[in-house]
Structure formats: structure tokens, C-alpha cells
file query-v4.cif (mmCIF, C-alpha atoms)
data_model
loop_
_atom_site.label_atom_id
_atom_site.label_comp_id
_atom_site.auth_asym_id
_atom_site.auth_seq_id
_atom_site.Cartn_x
_atom_site.Cartn_y
_atom_site.Cartn_z
CA MET A 21 -43.04 -6.10 -23.94
CA ASP A 22 -42.50 -8.44 -21.03
CA ASN A 23 -42.68 -6.24 -17.95
CA SER A 24 -41.44 -9.02 -15.71
CA PHE A 25 -38.22 -9.28 -17.72
CA SER A 26 -37.64 -5.56 -17.45
CA ASN A 27 -38.23 -5.45 -13.72
CA ASN A 28 -36.07 -8.45 -12.94
CA THR A 29 -33.01 -7.74 -15.03
CA VAL A 30 -32.66 -3.97 -15.12
CA LYS A 31 -31.21 -2.34 -11.98
CA SER A 32 -31.48 1.40 -11.97
CA THR A 33 -28.46 3.48 -10.80
CA PRO A 34 -29.32 6.26 -8.34
CA LEU A 35 -28.52 9.77 -9.48
CA TYR A 36 -27.02 10.67 -6.12
CA ASN A 37 -24.85 8.92 -3.59
CA ALA A 38 -22.87 10.10 -0.61
CA LYS A 39 -19.57 9.83 -2.45
CA SER A 40 -20.27 11.84 -5.54
CA THR A 41 -17.49 12.17 -8.08
CA PRO A 42 -16.72 15.79 -8.98
CA ILE A 43 -16.84 16.77 -12.60
CA VAL A 44 -13.36 17.58 -13.88
CA ILE A 45 -13.32 20.64 -16.07
CA ASP A 46 -10.29 21.77 -18.01
CA LYS A 47 -9.02 24.84 -16.15
CA ARG A 48 -7.97 26.43 -19.39
CA LYS A 49 -11.64 26.97 -20.26
CA ASN A 50 -12.69 28.48 -16.95
CA SER A 51 -12.65 31.94 -15.54
CA PRO A 52 -9.55 33.18 -13.63
CA ARG A 53 -11.60 33.61 -10.50
CA ASN A 54 -12.34 29.90 -10.23
CA TYR A 55 -9.34 27.90 -11.31
CA VAL A 56 -6.21 30.04 -11.74
CA SER A 57 -4.71 31.47 -8.58
CA SER A 58 -2.96 34.82 -8.50
CA SER A 59 0.22 33.11 -7.24
CA GLN A 60 0.45 31.16 -10.52
CA ILE A 61 0.18 34.31 -12.61
CA ILE A 62 2.57 36.25 -10.38
CA GLN A 63 5.19 33.50 -10.58
CA LEU A 64 4.88 33.37 -14.36
CA ALA A 65 5.39 37.15 -14.52
CA ILE A 66 8.42 37.00 -12.19
CA ASP A 67 10.01 34.14 -14.12
CA LYS A 68 9.49 35.93 -17.43
CA TYR A 69 11.03 39.16 -16.10
CA LYS A 70 14.01 37.38 -14.49
CA LYS A 71 14.64 35.53 -17.75
CA ASN A 72 14.63 38.37 -20.27
CA GLY A 73 13.50 41.55 -18.51
CA LYS A 74 10.13 41.60 -20.27
CA GLY A 75 6.55 41.54 -19.06
CA LEU A 76 3.97 38.77 -19.31
CA ILE A 77 1.82 38.70 -22.46
CA TYR A 78 -1.24 36.66 -23.41
CA ARG A 79 0.82 34.15 -25.42
CA ASP A 80 2.79 33.23 -22.29
CA LEU A 81 -0.41 32.06 -20.60
CA MET A 82 -1.36 29.97 -23.60
CA GLU A 83 2.11 28.39 -23.88
CA ALA A 84 2.08 27.60 -20.16
CA GLY A 85 -1.22 25.77 -20.58
CA VAL A 86 -3.13 28.12 -18.29
CA VAL A 87 -5.69 29.00 -20.96
CA SER A 88 -6.33 27.93 -24.54
CA ARG A 89 -7.93 31.02 -26.09
CA LYS A 90 -6.38 34.42 -26.79
CA LYS A 91 -9.36 36.44 -25.55
CA HIS A 92 -9.48 34.49 -22.32
CA ALA A 93 -5.75 35.08 -21.74
CA GLN A 94 -6.11 38.82 -22.32
CA ASN A 95 -9.08 39.04 -19.95
CA MET A 96 -7.18 37.10 -17.32
CA LEU A 97 -4.23 39.49 -17.41
CA LYS A 98 -6.57 42.48 -17.21
CA TYR A 99 -8.39 40.88 -14.29
CA TYR A 100 -5.24 40.39 -12.22
CA SER A 101 -4.09 43.86 -13.15
CA ARG A 102 -7.31 45.33 -11.73
CA LYS A 103 -6.80 43.22 -8.61
CA GLY A 104 -3.32 44.73 -8.14
CA ALA A 105 -1.32 41.53 -8.65
CA LEU A 106 0.04 42.84 -11.98
CA PHE A 107 0.82 46.28 -13.39
CA THR A 108 1.79 47.80 -16.72
CA LEU A 109 4.40 50.42 -17.58
CA ARG A 110 2.94 51.83 -20.78
CA ARG A 111 0.55 50.99 -23.61
CA ILE A 112 2.18 48.50 -25.97
CA ILE A 113 1.02 45.78 -28.36
CA PRO A 114 0.87 43.11 -27.13
CA GLN A 115 0.38 44.56 -23.63
CA GLN A 116 3.07 43.52 -21.12
CA TYR A 117 2.25 42.89 -17.46
CA TYR A 118 4.71 42.79 -14.54
CA ALA A 119 4.37 41.36 -11.04
CA SER A 120 3.53 44.06 -8.51
CA SER A 121 5.68 42.25 -5.93
CA ILE A 122 8.81 43.36 -7.84
CA ARG A 123 7.46 46.74 -8.97
CA SER A 124 10.40 48.80 -7.68
CA GLU A 125 12.95 46.55 -9.38
CA VAL A 126 11.07 46.79 -12.68
CA MET A 127 10.72 50.58 -12.40
CA LYS A 128 14.41 51.00 -11.59
CA SER A 129 15.44 49.01 -14.66
CA ASP A 130 12.94 50.79 -16.92
CA LEU A 131 13.82 54.29 -15.73
CA SER A 132 17.51 53.63 -16.31
CA LYS A 133 16.72 52.89 -19.98
CA SER A 134 14.12 55.55 -20.75
CA THR A 135 14.84 59.27 -20.37
CA PRO A 136 11.70 61.36 -19.77
CA LEU A 137 12.35 64.93 -20.92
CA HIS A 138 10.56 66.49 -17.96
CA LEU A 139 12.90 64.92 -15.38
CA PRO A 140 16.17 66.93 -15.29
CA ALA A 141 17.86 64.56 -12.82
CA VAL A 142 18.45 61.95 -15.55
CA ALA A 143 21.64 63.63 -16.70
CA PHE A 144 23.05 63.28 -13.19
CA SER A 145 22.03 59.64 -12.98
CA LYS A 146 23.22 58.49 -16.39
CA VAL A 147 26.20 60.77 -17.10
CA PRO A 148 27.48 62.26 -13.81
CA ASP A 149 30.36 64.20 -15.44
CA ARG A 150 28.18 65.97 -17.98
CA LYS A 151 27.58 69.70 -17.54
CA GLY A 152 24.17 71.08 -18.43
CA PRO A 153 21.66 73.79 -17.52
CA PHE A 154 20.04 71.61 -14.84
CA ASP A 155 23.22 70.42 -13.10
CA ASN A 156 23.14 73.18 -10.49
CA CYS A 157 19.54 72.29 -9.62
CA ILE A 158 20.09 68.61 -8.88
CA GLU A 159 22.04 68.87 -5.65
CA PRO A 160 19.55 71.32 -4.04
CA ILE A 161 16.67 68.99 -5.03
CA ILE A 162 18.41 66.03 -3.40
CA MET A 163 19.25 67.99 -0.25
CA GLN A 164 15.71 69.39 -0.03
CA THR A 165 14.32 65.85 -0.32
CA LEU A 166 16.61 64.55 2.40
CA GLU A 167 16.10 67.47 4.79
CA GLY A 168 12.42 68.08 4.15
CA TYR A 169 11.07 64.55 3.79
CA VAL A 170 13.48 61.73 4.71
CA LEU A 171 15.15 63.08 7.85
CA PRO A 172 11.91 64.13 9.64
CA LEU A 173 10.55 60.59 9.22
CA LEU A 174 13.68 58.83 10.48
CA PRO A 175 13.01 59.00 14.26
CA LYS A 176 9.77 57.01 13.97
CA ALA A 177 11.02 54.58 11.31
CA PRO A 178 11.78 51.03 12.53
CA LEU A 179 15.40 49.97 12.97
CA PHE A 180 16.86 47.03 11.00
CA ILE A 181 20.12 45.09 10.90
CA HIS A 182 21.65 43.31 7.89
CA ASN A 183 24.90 42.02 6.38
CA MET A 184 26.16 40.65 9.69
CA GLN A 185 29.64 39.12 9.84
CA PHE A 186 30.58 36.58 12.51
CA LYS A 187 33.87 35.19 13.72
CA THR A 188 34.61 32.06 15.73
CA LYS A 189 37.33 29.40 16.20
CA ILE A 190 37.39 25.67 15.59
CA THR A 191 40.03 22.92 15.72
CA PRO A 192 42.68 23.73 13.06
CA GLU A 193 42.81 20.07 12.00
CA CYS A 194 39.38 20.48 10.38
CA TYR A 195 40.85 22.67 7.64
CA SER A 196 42.89 19.94 5.94
CA GLU A 197 39.98 17.49 6.02
CA LEU A 198 37.57 19.81 4.18
CA ASN A 199 37.19 19.32 0.44
CA LEU A 200 36.03 22.85 -0.36
CA PRO A 201 36.93 25.44 -3.03
CA ASN A 202 39.56 28.07 -2.22
CA TYR A 203 38.43 31.48 -1.05
CA LYS A 204 39.63 34.63 -2.80
CA ARG A 205 42.13 35.60 -0.09
CA ASN A 206 44.33 34.28 2.74
CA ASN A 207 44.20 30.66 1.52
CA GLY A 208 40.78 30.17 3.00
CA LYS A 209 38.22 27.54 2.01
CA TYR A 210 34.58 28.49 1.64
CA HIS A 211 31.07 27.08 1.43
CA ARG A 212 27.90 28.99 0.47
CA GLU A 213 24.29 28.23 1.20
CA ILE A 214 20.94 29.98 1.59
CA ILE A 215 19.40 30.18 5.06
CA GLY A 216 15.94 31.71 5.04
CA ASN A 217 16.23 34.88 2.97
CA SER A 218 19.98 35.27 3.55
CA HIS A 219 23.01 34.18 1.54
CA VAL A 220 25.55 32.79 4.00
CA THR A 221 29.23 32.18 3.24
CA TYR A 222 31.41 30.13 5.61
CA VAL A 223 35.13 30.87 5.23
CA LEU A 224 37.54 28.57 7.08
CA TYR A 225 41.26 29.22 7.55
CA ALA A 226 44.20 26.95 8.41
CA ASN A 227 44.63 28.44 11.90
CA GLY A 228 41.06 27.43 12.85
CA THR A 229 39.47 30.84 12.35
CA VAL A 230 36.01 30.78 10.81
CA GLU A 231 34.40 33.88 9.30
CA ILE A 232 30.70 33.80 8.44
CA LEU A 233 29.46 36.44 6.01
CA THR A 234 25.71 37.00 5.65
CA VAL A 235 24.05 39.02 2.88
CA CYS A 236 20.44 39.98 3.61
CA SER A 237 20.20 43.59 2.46
CA ASN A 238 16.83 42.99 0.78
CA ASN A 239 15.47 41.20 3.86
CA PRO A 240 16.96 42.94 6.91
CA TYR A 241 16.05 41.85 10.42
CA LYS A 242 13.85 44.20 12.41
CA LEU A 243 15.07 45.48 15.79
CA GLU A 244 11.91 46.58 17.56
CA THR A 245 10.13 43.98 19.69
CA GLU A 246 11.03 40.87 21.66
CA ASP A 247 9.64 38.80 18.80
CA ASP A 248 12.16 40.48 16.50
CA ARG A 249 14.93 39.60 18.95
CA ASP A 250 13.79 35.98 19.02
CA ARG A 251 13.85 35.81 15.21
CA ILE A 252 17.44 37.07 15.12
CA ILE A 253 18.55 34.57 17.77
CA VAL A 254 16.88 31.78 15.78
CA PHE A 255 18.76 32.99 12.68
CA PHE A 256 22.04 32.82 14.65
CA GLY A 257 21.17 29.26 15.61
CA GLN A 258 20.47 28.33 11.98
CA ILE A 259 23.88 29.69 10.94
CA ARG A 260 25.57 27.64 13.67
CA ALA A 261 23.60 24.55 12.58
CA GLY A 262 24.88 25.08 9.03
CA LEU A 263 28.47 25.08 10.29
CA ILE A 264 27.80 21.98 12.39
CA ASN A 265 26.49 20.16 9.31
CA LEU A 266 29.41 21.36 7.20
CA LEU A 267 31.91 19.94 9.72
CA ASN A 268 29.79 16.87 10.46
CA ASP A 269 30.03 17.82 14.13
CA ARG A 270 27.23 15.55 15.34
CA HIS A 271 28.12 15.82 19.02
CA GLU A 272 28.78 19.60 18.78
CA ARG A 273 32.29 19.31 20.18
CA ILE A 274 33.98 21.37 17.45
CA VAL A 275 31.70 24.35 16.83
CA PRO A 276 31.63 26.80 19.78
CA ASP A 277 28.37 27.95 21.31
CA ILE A 278 26.80 30.95 19.61
CA LEU A 279 27.30 32.92 22.84
CA GLU A 280 31.03 32.94 22.09
CA TRP A 281 30.80 34.18 18.52
CA GLU A 282 32.07 37.69 17.78
CA LEU A 283 30.38 40.27 15.54
CA PRO A 284 33.19 42.21 13.80
CA GLU A 285 30.89 44.09 11.40
CA CYS A 286 27.25 44.75 10.49
CA ASP A 287 24.98 47.40 8.98
CA ILE A 288 22.17 49.16 10.86
CA ASN A 289 19.53 50.81 8.68
CA LYS A 290 16.24 52.68 8.52
CA ASP A 291 14.13 52.77 5.34
CA ILE A 292 11.81 55.58 4.25
CA LYS A 293 9.35 54.74 1.45
CA VAL A 294 9.62 57.12 -1.52
CA SER A 295 8.35 57.36 -5.10
CA ASP A 296 9.75 55.02 -7.75
CA LEU A 297 10.93 58.11 -9.62
CA PHE A 298 13.65 58.55 -7.00
CA HIS A 299 15.63 55.94 -8.92
CA LEU A 300 16.37 58.76 -11.36
CA THR A 301 18.00 61.02 -8.78
CA GLY A 302 21.00 58.78 -8.31
CA ILE A 303 21.15 59.61 -4.59
CA LYS A 304 24.22 57.90 -3.16
CA ILE A 305 25.92 59.65 -0.26
CA GLN A 306 28.59 58.42 2.11
CA VAL A 307 29.57 60.44 5.17
CA LYS A 308 32.31 59.65 7.69
CA HIS A 309 32.08 61.34 11.07
CA LEU A 310 34.64 60.41 13.73
CA ASN A 311 34.39 56.59 13.93
CA HIS A 312 30.98 56.43 12.24
CA LEU A 313 30.34 55.71 8.56
CA PHE A 314 26.89 56.60 7.19
CA ARG A 315 25.42 55.86 3.77
CA ILE A 316 22.26 57.19 2.08
CA TYR A 317 21.00 55.63 -1.13
CA ILE A 318 17.86 54.63 -3.04
CA LYS A 319 17.01 50.94 -2.99
CA ALA A 320 14.44 48.67 -4.62
CA MET A 321 12.63 46.60 -1.98
CA GLY A 322 10.16 44.35 -3.78
CA LYS A 323 7.12 46.45 -4.66
CA ASP A 324 8.42 49.51 -2.76
CA THR A 325 11.25 51.97 -3.36
CA VAL A 326 12.96 53.25 -0.23
CA CYS A 327 15.57 55.77 0.74
CA ARG A 328 17.90 53.83 3.02
CA VAL A 329 19.89 55.56 5.75
CA GLU A 330 22.52 53.10 6.92
CA GLU A 331 25.37 53.02 9.41
CA ASN A 332 28.27 50.62 9.04
CA LYS A 333 29.22 49.42 12.52
CA HIS A 334 32.22 47.52 13.90
CA PRO A 335 31.02 46.27 17.29
CA LYS A 336 33.99 43.95 17.88
CA LYS A 337 32.08 42.25 20.67
CA ARG A 338 30.03 39.12 21.18
CA ALA A 339 27.11 38.95 18.74
CA ILE A 340 24.53 38.18 21.45
CA GLU A 341 25.86 41.00 23.61
CA PHE A 342 25.54 43.48 20.76
CA ILE A 343 21.94 42.44 20.05
CA ASN A 344 21.05 42.62 23.73
CA ASP A 345 22.52 46.14 23.93
CA ILE A 346 20.24 47.27 21.11
CA PHE A 347 17.11 45.82 22.72
CA ASN A 348 18.08 46.87 26.27
CA PRO A 349 19.74 50.31 26.00
CA TYR A 350 19.14 51.10 29.69
CA GLU A 351 20.89 47.92 30.74
CA ARG A 352 23.81 48.85 28.51
CA LEU A 353 23.94 52.35 30.00
CA GLU A 354 23.84 50.91 33.52
CA ARG A 355 26.69 48.54 32.66
CA GLN A 356 28.72 51.43 31.23
CA ILE A 357 28.17 53.44 34.42
CA ILE A 358 29.30 50.50 36.56
CA GLU A 359 32.40 50.04 34.39
CA GLN A 360 33.11 53.77 34.59
CA ASP A 361 32.76 53.72 38.39
CA LYS A 362 35.10 50.76 38.52
CA LYS A 363 37.70 52.62 36.49
CA LEU A 364 37.35 55.72 38.66
CA THR A 365 37.80 53.56 41.77
CA GLU A 366 40.94 52.00 40.31
CA ILE A 367 42.34 55.46 39.45
CA SER A 368 41.52 56.68 42.96
CA GLU A 369 43.34 53.71 44.50
CA MET A 370 46.35 54.35 42.29
CA LEU A 371 46.44 58.01 43.35
CA LYS A 372 46.28 57.00 47.01
CA LYS A 373 49.19 54.61 46.58
CA LEU A 374 51.21 57.28 44.77
CA ALA A 375 50.43 59.81 47.52
CA ILE A 376 51.49 57.34 50.24
CA HIS A 377 54.64 56.44 48.33
CA ARG A 378 55.47 60.14 47.87
CA PHE A 379 54.86 60.77 51.59
CA HIS A 380 57.35 58.05 52.56
CA ILE A 381 59.96 59.49 50.17
CA ASP A 382 59.52 63.01 51.58
CA SER A 383 59.68 61.72 55.18
CA SER A 384 62.97 59.96 54.57
#
call {"tool": "encode", "arguments": {"input": "query-v4.cif", "output": "C-alpha cells"}}
result
Amino acid sequence: MDNSFSNNTVKSTPLYNAKSTPIVIDKRKNSPRNYVSSSQIIQLAIDKYKKNGKGLIYRDLMEAGVVSRKKHAQNMLKYYSRKGALFTLRRIIPQQYYASSIRSEVMKSDLSKSTPLHLPAVAFSKVPDRKGPFDNCIEPIIMQTLEGYVLPLLPKAPLFIHNMQFKTKITPECYSELNLPNYKRNNGKYHREIIGNSHVTYVLYANGTVEILTVCSNNPYKLETEDDRDRIIVFFGQIRAGLINLLNDRHERIVPDILEWELPECDINKDIKVSDLFHLTGIKIQVKHLNHLFRIYIKAMGKDTVCRVEENKHPKKRAIEFINDIFNPYERLERQIIEQDKKLTEISEMLKKLAIHRFHIDSS
């Protein structure tokens, strides 16, 4: 062999360079720890449950292209179950897995279908009018739970606000120019959108009144720190921005400042975490005391089940003022004292005038 030919024509390629090309490996043939994130599996489980109320099985992973082999799919589901991202309700073939992030919702739905014999409260939950040997026990159990567990924890539980309703005024001429569907009452026109975690409905009337209804029961706003206050104010601003966009009010001459918006109604709540089995008790109490309306009920909150104690309030004052009163109770008390002193002063002046007037009448 001619060595000179070999040396002159053959150029060797180095095995390493600074810009190495990574080897692409089909993720379906790799372990869950390396290539499949928990968020992917969780989303698949949520989508499956929302679609048909069933849990994720190994075939779903194969059909989604996550893995290609049955054994690998089964091991992957078991792996994320051990990690806490998924959970199972009972042994079944094939095994079904649910997202832990919606555990309470899944448990509520499952408990409403199945009737464990050792839980007497089911009769109350499923058939309230039915009379049975356990009926007289249910109410004491509920009251004991409320008095012995929920109520003692309430003072230290954080305060939340949700389902806020706003009211403001715009130029009445805007009503006729809006091409929106009709609202269910009072010839209003409405528009719905999602802002953050809240469903917001704008209802506009011919006289220029605008009502804004927010639904955020599953994601209430916390009322504890200054950061919480800032988040609520930002939310108010986002709602106003939505109305500005709806009316195409680029120069902000139509939509009033948020400081002028009223808050006709809202709900204040505290949540106490309880067992998922409380869905079976059917606790739903409404109490009206003077001008206060209180509600107590069991609610699914993502992975947790809570007993919610809620007060329906009708502030009928500026929204910002109401929020400030919650975060600054001493300032509110001071303002009330000043207003009370002012009223007492006015009454005192009126009494003086009446006394002087009476004196002149008696003198004449």
C-alpha cells in the first residue's frame, strides 16, 4: 500500500469539538425521570378526567406518544404516584390514576356515586327526605364537627374575599354602539372574559350603568398583608382595563377611575381544611342574623377539601374604601368616631337653637 497516498488524501475527523451535537434519543424509550416531566403527566390526567370523569391508564400514555411499551407506561404511572403527582381511588384493572392537584374534586364526584356502608351520613347527602335509623345521628355529628373542630380554628384562619360585584357609570351613548348579546334581565348587554383566575362579566345598560360581576370562588383573594392588598388593587385595575378595551376608550375619557367604582356586594370567607369524607355529610347551612347572612358548606379546592364559613356583604360604598377599611380597621374606627362626634356636635347645635328659640317665645 502506498503510504504517501493515504497520508495525503485521507483527513481524519476529530472525535471531539467544542460544538458537539447531542444525541437525540426517542423519549418514549427513556425513563420518566429523564425525559417526561410531571407536568405532562398531570395535564394528561386532568384532561382525561375533565373529558369523561375517568382516570389515566397506561394506554393513554401510549396513545399520547409518551411511551411505546406497556410495561414502561405502567412503571411511569406508578413512579408519579409514588412521587405524589398522581393518586388512585381503588384497585382496578387497568389501574386508573388521577391528578393530585384535583384530588378533592375527584373524591367529591366518586363519593357521590359510591355508598360505603360504614358511613351513615350518605342517606342525608343523597336522599335528604328519607327517614332511617341514623337520621337522628347526622345533625349532632355535623354540629359536633362545627363546634369542636371548625369554629375553634376560625380566628387564626386567613381572611379571603371573592365574588365581588362592581358598579360604575359611563356615557349612555355607548350602549347603542355596542354589538353585544342581550343580558338575561333589564335589557342589558353583556361581555364575558377571563382575567387571571376569575370569570368577569360586564353588563351595560341603556342609562349608562355598568355592572361588573366577578366569579372567583375557587381562587379567592387573601386579605392579610400589604402584598395581598396590592394584588387586589392590581385585579381592580385589570377589570377596568378590560372595560376600557371593550369600549375602545383609548384616551380613558369614558371609563371612570377605579376610585369611583362602587362595591354593592361581595363574599368574605375563611376556609378550614377537612377530610375528603366530609363531602358525604352534605353540610350546607345558611344563617341570617340581623343584617348579616352567613353560609357554611363543604367545598372542593383543588387537592384540598375545606369547610367554608362565608359572609355575604353589601358594603354599598366605594370598592377601594371597603378594601382599605379591611386592611386598616383602626383607621376605619377613628373615622367612625370622628363622624359620630360630628353628628353629636350637630345635634348639640340644634338643641341650642331650639332652646334659644323656646326662650324667645316664652319671653314674649
call {"tool": "resolve_selection", "arguments": {"input": "query-v4.cif", "expression": "the PyMOL selection byres ((chain A and resi 181) around 9)", "output": "list in words"}}
result
Leu179, Phe180, His182, Asn183, Met184, Cys236, Ser237, Pro240, Tyr241, Lys242, Leu243, Cys286, Asp287, Ile288, Asn289 and Lys290 of chain A
call {"tool": "write_last_selection", "arguments": {"input": "query-v4.cif", "atoms": "C-alpha atoms", "output": "PDB file, keeping the file's coordinate frame"}}
result
ATOM      1  CA  LEU A 179      15.400  49.970  12.970  1.00  0.00           C
ATOM      2  CA  PHE A 180      16.860  47.030  11.000  1.00  0.00           C
ATOM      3  CA  HIS A 182      21.650  43.310   7.890  1.00  0.00           C
ATOM      4  CA  ASN A 183      24.900  42.020   6.380  1.00  0.00           C
ATOM      5  CA  MET A 184      26.160  40.650   9.690  1.00  0.00           C
ATOM      6  CA  CYS A 236      20.440  39.980   3.610  1.00  0.00           C
ATOM      7  CA  SER A 237      20.200  43.590   2.460  1.00  0.00           C
ATOM      8  CA  PRO A 240      16.960  42.940   6.910  1.00  0.00           C
ATOM      9  CA  TYR A 241      16.050  41.850  10.420  1.00  0.00           C
ATOM     10  CA  LYS A 242      13.850  44.200  12.410  1.00  0.00           C
ATOM     11  CA  LEU A 243      15.070  45.480  15.790  1.00  0.00           C
ATOM     12  CA  CYS A 286      27.250  44.750  10.490  1.00  0.00           C
ATOM     13  CA  ASP A 287      24.980  47.400   8.980  1.00  0.00           C
ATOM     14  CA  ILE A 288      22.170  49.160  10.860  1.00  0.00           C
ATOM     15  CA  ASN A 289      19.530  50.810   8.680  1.00  0.00           C
ATOM     16  CA  LYS A 290      16.240  52.680   8.520  1.00  0.00           C
TER      17      LYS A 290
END
call {"tool": "atom_distance", "arguments": {"input": "query-v4.cif", "atom1": "CA of His219 (chain A)", "atom2": "CA of Ile190 (chain A)"}}
result
21.8 Å
call {"tool": "residues_near_point", "arguments": {"input": "query-v4.cif", "point": "(38.4, 44.5, 13.3)", "cutoff": "9 Å", "atoms": "only C-alpha atoms", "output": "list of chain:residue names"}}
result
A:Pro284, A:Glu285, A:His334, A:Pro335, A:Lys336
call {"tool": "resolve_selection", "arguments": {"input": "query-v4.cif", "expression": "the PyMOL selection byres ((chain A and resi 317) around 8)", "output": "list in words"}}
result
Gly302, Ile303, Lys304, Ile305, Arg315, Ile316, Ile318, Lys319, Cys327, Arg328 and Val329 of chain A
call {"tool": "write_last_selection", "arguments": {"input": "query-v4.cif", "atoms": "C-alpha atoms", "output": "PDB file, in the frame of the given file"}}
result
ATOM      1  CA  GLY A 302      21.000  58.780  -8.310  1.00  0.00           C
ATOM      2  CA  ILE A 303      21.150  59.610  -4.590  1.00  0.00           C
ATOM      3  CA  LYS A 304      24.220  57.900  -3.160  1.00  0.00           C
ATOM      4  CA  ILE A 305      25.920  59.650  -0.260  1.00  0.00           C
ATOM      5  CA  ARG A 315      25.420  55.860   3.770  1.00  0.00           C
ATOM      6  CA  ILE A 316      22.260  57.190   2.080  1.00  0.00           C
ATOM      7  CA  ILE A 318      17.860  54.630  -3.040  1.00  0.00           C
ATOM      8  CA  LYS A 319      17.010  50.940  -2.990  1.00  0.00           C
ATOM      9  CA  CYS A 327      15.570  55.770   0.740  1.00  0.00           C
ATOM     10  CA  ARG A 328      17.900  53.830   3.020  1.00  0.00           C
ATOM     11  CA  VAL A 329      19.890  55.560   5.750  1.00  0.00           C
TER      12      VAL A 329
END
call {"tool": "residues_around", "arguments": {"input": "query-v4.cif", "residues": "Ser218 (chain A)", "least_positions_apart": "6", "cutoff": "8 Å", "atoms": "all atoms listed in the file", "output": "PyMOL selection string"}}
result
chain A and resi 234-236+239
call {"tool": "residues_around", "arguments": {"input": "query-v4.cif", "residues": "Leu267 (chain A)", "least_positions_apart": "3", "cutoff": "12 Å", "atoms": "all atoms listed in the file", "output": "PDB file with C-alpha atoms, keeping the file's coordinate frame"}}
result
ATOM      1  CA  ILE A 190      37.390  25.670  15.590  1.00  0.00           C
ATOM      2  CA  THR A 191      40.030  22.920  15.720  1.00  0.00           C
ATOM      3  CA  PRO A 192      42.680  23.730  13.060  1.00  0.00           C
ATOM      4  CA  GLU A 193      42.810  20.070  12.000  1.00  0.00           C
ATOM      5  CA  CYS A 194      39.380  20.480  10.380  1.00  0.00           C
ATOM      6  CA  TYR A 195      40.850  22.670   7.640  1.00  0.00           C
ATOM      7  CA  SER A 196      42.890  19.940   5.940  1.00  0.00           C
ATOM      8  CA  GLU A 197      39.980  17.490   6.020  1.00  0.00           C
ATOM      9  CA  LEU A 198      37.570  19.810   4.180  1.00  0.00           C
ATOM     10  CA  ASN A 199      37.190  19.320   0.440  1.00  0.00           C
ATOM     11  CA  LEU A 200      36.030  22.850  -0.360  1.00  0.00           C
ATOM     12  CA  HIS A 211      31.070  27.080   1.430  1.00  0.00           C
ATOM     13  CA  TYR A 222      31.410  30.130   5.610  1.00  0.00           C
ATOM     14  CA  LEU A 224      37.540  28.570   7.080  1.00  0.00           C
ATOM     15  CA  VAL A 230      36.010  30.780  10.810  1.00  0.00           C
ATOM     16  CA  ARG A 260      25.570  27.640  13.670  1.00  0.00           C
ATOM     17  CA  ALA A 261      23.600  24.550  12.580  1.00  0.00           C
ATOM     18  CA  GLY A 262      24.880  25.080   9.030  1.00  0.00           C
ATOM     19  CA  LEU A 263      28.470  25.080  10.290  1.00  0.00           C
ATOM     20  CA  ILE A 264      27.800  21.980  12.390  1.00  0.00           C
ATOM     21  CA  ARG A 270      27.230  15.550  15.340  1.00  0.00           C
ATOM     22  CA  HIS A 271      28.120  15.820  19.020  1.00  0.00           C
ATOM     23  CA  GLU A 272      28.780  19.600  18.780  1.00  0.00           C
ATOM     24  CA  ARG A 273      32.290  19.310  20.180  1.00  0.00           C
ATOM     25  CA  ILE A 274      33.980  21.370  17.450  1.00  0.00           C
ATOM     26  CA  VAL A 275      31.700  24.350  16.830  1.00  0.00           C
TER      27      VAL A 275
END
call {"tool": "residues_around", "arguments": {"input": "query-v4.cif", "residues": "region 337-351 of chain A", "least_positions_apart": "2", "cutoff": "9 Å", "atoms": "only C-alpha atoms", "output": "list in words"}}
result
Phe186, Leu243, Glu244, Thr245, Glu246, Arg249, Ile252, Ile253, Phe256, Ile278, Leu279, Glu280, Trp281, Glu282, Leu283, Pro284, His334, Pro335, Leu353, Glu354, Arg355 and Gln356 of chain A
call {"tool": "atom_distance", "arguments": {"input": "query-v4.cif", "atom1": "CA of Phe314 (chain A)", "atom2": "CA of Tyr210 (chain A)"}}
result
29.7 Å
call {"tool": "resolve_selection", "arguments": {"input": "query-v4.cif", "expression": "the PyMOL selection byres ((chain A and resi 96-103) around 10)", "output": "ChimeraX atom specification"}}
result
/A:51-53,56-58,61-62,76-78,81,86-87,90-95,104-108,115-120
call {"tool": "atom_distance", "arguments": {"input": "query-v4.cif", "atom1": "CA of Met163 (chain A)", "atom2": "CA of Lys323 (chain A)"}}
result
25.1 Å
call {"tool": "axis_aligned_box", "arguments": {"input": "query-v4.cif", "around": "region 62-72 of chain A", "padding_each_side": "5 Å", "output": "lines of an AutoDock Vina configuration file"}}
result
center_x = 8.6
center_y = 36.3
center_z = -15.3
size_x = 22.1
size_y = 15.8
size_z = 19.9
